[in-house]
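Everything on this sheet refers to the single structure shown next.
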Amino acid sequence: MVAGTLALGPAAQAQRAIELALPATPVAGAAGAAGAVAPSMGALRLPAPVAAATVAPVRRARMDWVAGGVIRAFWTGASESEVAAAEREAAPARRADLAAPKLEQHLVVDESGIEHQVSHVPGAPHESLARAAIRTLRELPEKARRIRRFGRRVDEILRAVTDGDLAWSFNRLEAMSSQEGILRSNNSDLVNKWTDGERLKDAGPQDFAESSLEPASLMKMFKGTMDMEEPTLQYQYAFAQSLHNRMPRMSHFLGITFQERLLQVALKGKPAYTSIWAREEVRHGPILEKVYNQTRFPGFAKLTQSGEAPRLPREGTDYAARSGMSNRALAEVGAAGAYLMLKANAKTGSPTDKVLEGVFRDEIYHHVIMSAVNRFTLGHESRLKRLWLIFRHNLDYRPHHPNDYVRHRRRGFSPLMMLEYGWAINEVDRRVNRFLDTLDPGEARRIIGPYYKTEAEVQAAVDRGEHSWTKLFPMEVNPALSKADVERLEKRMPRNFSLERRAVKASDIRAVLDSYRKTSLMNPEYWLRKKGFRKEPGSSGRRIDLIRDLPGSPGVRLVVTFERGRRTWVGVTEGWKTLWWSTLEEMSLLQLGALMDAESVAVVDRLKAAPPELSYRELLDRVARDPIPLIEDR
């Protein structure tokens, strides 16, 4: 039977295999009324992924049976070369089928008029719990073999993550130590590079033919993780806002506050770059969605990410910072464990295994940073204590469940899935902890950056010119969100989001700009922290001269002179010649931004052009994707 089936084309061989091996059973519902035929689940004892692949009507998803036919051939004794040939022949048809309109996601509307995604094909036959239990008992020996394989794969994958890999990720924090949060660098070289992304086109259900998990469990893990990843644009803002007063370097790594964004535009005329962490995280949801829809088994609906885990910005207290770091550690180890579990259940070296490597590496690289902060900065030395606290703090500030949550056929998770997920999380955390054991605590704290535990410590840092107070702005003014995004969030989670809060008071903008001028720009220490500025020899007391050479114009310098009780002079000189001068009080923020970024004498032309201050309306128009309403309360 197998040889004869493989001699046919990919679609014909799959359908023929079904006709020969499985008795016909009428399909319930509209499809059954039309005379369609579906295979019976109990007719052939196949491994779980293959058996679950036989739940959809042949007439409605004919090409979806191609991958199932290939897997069936593999499990019934076909040679590897025959299977490979069938896979190559089936791939173009399978890709065309995945893009076909008939495979759109399934949606239902509940009694209150809210639309929900459905993770299964409505009306498709499925196993009862009793039959699933009986089948599970029959398959215990095979299941045990696959679980042992899963354990070996977990070890193999984690052995490939070296201490050097984890050190690269952790040391990215040190690379940011010289960067001011407002005028930070692009940092593209610090973003984890993905490879093997092109392998996605070859992924399919056959990649999970050796999985120890049922297709429903794989689906729930994919769906859960893509929904956790989707709100990146929200929680990068939330954690940056909540952490900036206490852990500015971690805040800069994770995201950008509204206050920073406002000052970026005031100084440069446009927003600066996205944070390292956000640039990595924002790509996770889309890739998970694509991988799942490529590899889902017949009988499972197409799914899209919808977002179920928003976090909201909190006042920058010490408790909020501690809670936030534990929440981030939980998110990173949970995601790393999920992707490790999926990789370990995929065939070794399969397209799915390769494609998930990038997202798995991102998360374990993030977890080493969060764990280091919790251990060395916050003092949670014990791994068990850190694990306890990340679950304990997950109960803080929990948002309400979205009212358009996905509808699953069965709501719970299988015991095996929970076992493997916990196994994967523990192994990821153990691997990271072994690396942390090799670090010197003092050096690690230096790399992580300052931690201001009390308000007095924050104020002292502000007085020294090395920090600034961050005002709390609500999520609705997050520059990464458009008005339509906020409207969607309000509809999905009305108890957490409100379009009415999407507005900024003119008095708040004035407070941010005035504070920056008075507490930062008027402090010599702030300028000394800028790239290349240094004190003129002998400069002290009532007069302090700061200078910075322009690398693109030898002999040309920027000069900033602070005189106690008098104005602050700013100029560009070449030897004894003054090319341009003014006072800091008279300069617009756009001029100051040009001065800070200056690399050559060409800056003089920009300074002489004297661009005026941007109006508050212009600031808001440039800060966000959509203009944010301005409340004139000056």
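In the structure tokens, chains take letters A, B, ... by order of appearance, with residues numbered from 1 within each chain and ligands from 1 in the order shown.
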
Next on the checklist: List the spatial neighbours of range 508-517 of chain A as a PyMOL selection string - criterion: any atom at most 8 Å away, only C-alpha atoms, same-chain residues fewer than 2 positions off excluded.
Outcome noted: chain A and resi 259+263+468+504-506+519-522+616

Write the selection just made, keeping N, CA and C atoms, as a compact mmCIF listing (two decimals), in the first residue's frame?
# COMPACT_ATOMS: atom_id res chain seq x y z
N GLN A 259 8.95 61.09 28.33
CA GLN A 259 9.78 62.26 28.63
C GLN A 259 11.04 62.26 27.76
N LEU A 263 12.07 65.01 24.75
CA LEU A 263 13.35 65.72 24.71
C LEU A 263 14.14 65.38 23.45
N SER A 468 17.87 62.25 35.96
CA SER A 468 16.76 63.20 35.94
C SER A 468 15.49 62.48 36.38
N VAL A 504 -2.05 65.25 26.31
CA VAL A 504 -0.95 65.75 27.12
C VAL A 504 -1.20 67.22 27.43
N LYS A 505 -1.01 67.59 28.68
CA LYS A 505 -1.19 68.99 29.09
C LYS A 505 0.03 69.81 28.70
N ALA A 506 -0.23 71.04 28.29
CA ALA A 506 0.87 71.93 27.96
C ALA A 506 1.76 72.18 29.18
N THR A 519 18.06 71.58 35.50
CA THR A 519 18.76 70.56 36.27
C THR A 519 19.84 69.84 35.48
N SER A 520 19.75 69.83 34.15
CA SER A 520 20.75 69.11 33.35
C SER A 520 21.68 70.07 32.63
N LEU A 521 21.14 70.91 31.78
CA LEU A 521 21.99 71.77 30.95
C LEU A 521 22.81 72.75 31.77
N MET A 522 22.32 73.16 32.94
CA MET A 522 23.05 74.13 33.76
C MET A 522 24.04 73.46 34.72
N TYR A 616 4.70 73.50 21.26
CA TYR A 616 4.22 72.29 21.91
C TYR A 616 3.43 71.42 20.93

Item to check | Residue list (helix (DSSP H, G or I), DSSP) for range 389-560 of chain A, as an MDAnalysis selection string | outcome: chainID A and resid 389:395 415:436 441:448 455:463 475:477 483:492 499:501 506:521 524:528

Checklist outcome for this item: Across A:Asp633, A:Arg606, A:Asp621, A:Ser212, the smallest distance to Ala266 in chain A, with only C-alpha atoms counted, is shown by A:Asp621

Checklist entry - If you count only C-alpha atoms, which residues fall within 6 Å of range 163-174 of chain A, apart from same-chain ones fewer than 4 positions away, as a VMD selection string? => result chain A and resid 365 369 447

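You can rank A:Phe300, A:Phe360, A:Tyr235, A:Trp581 by their closest distance to Gly123 in chain A using only C-alpha atoms, and at the top of that list sits A:Phe300.
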
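Across A:Met325, A:Ala480, A:Val556, A:Ile628, the tightest approach to Glu599 in chain A is made by A:Val556 when counting only C-alpha atoms.
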
Checklist entry - Near range 385-389 of chain A, counting only C-alpha atoms, which residues have an atom at most 8 Å away, once you skip same-chain residues fewer than 4 positions from it, shown as a ChimeraX atom specification? => result /A:326,371,374-375,380-381,393

Checklist entry - Pick the closest to Arg567 in chain A from A:Met370, A:Leu584, A:Leu592, A:Leu439: which is it, counting only C-alpha atoms? => result A:Leu584

Next on the checklist: Residues within 12 Å of Phe562 in chain A, please, as an NGL selection string. Count only C-alpha atoms; anything in the same chain fewer than 6 positions from it doesn't count.
Outcome noted: :A and (521-525 or 527 or 535-536 or 539-547 or 568-571 or 583-585)

Checklist entry - Excluding same-chain residues fewer than 4 positions from range 197-204 of chain A, what lies within 7 Å of it counting only C-alpha atoms, as a list in words? => result Ala91, Val291, Gln294, Thr295, Pro351, Thr352 and Val355 of chain A

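Distance annotation: of A:Arg152, A:His408, A:Arg311, A:Arg184, the residue with the minimal separation from His252 in chain A is A:Arg184; atom set is only C-alpha atoms.
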
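Closest approach to Arg328 in chain A among A:Lys302, A:Lys471, A:Arg314, A:His366 is made by A:His366 (distances from only C-alpha atoms).
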
Next on the checklist: If we count only C-alpha atoms and set the cut-off at 10 Å, which residues sit around Asp207 in chain A, ignoring sequence neighbours fewer than 5 positions away in its own chain? Please answer as a ChimeraX atom specification.
Outcome noted: /A:67,71,202,295-296,343,345-353
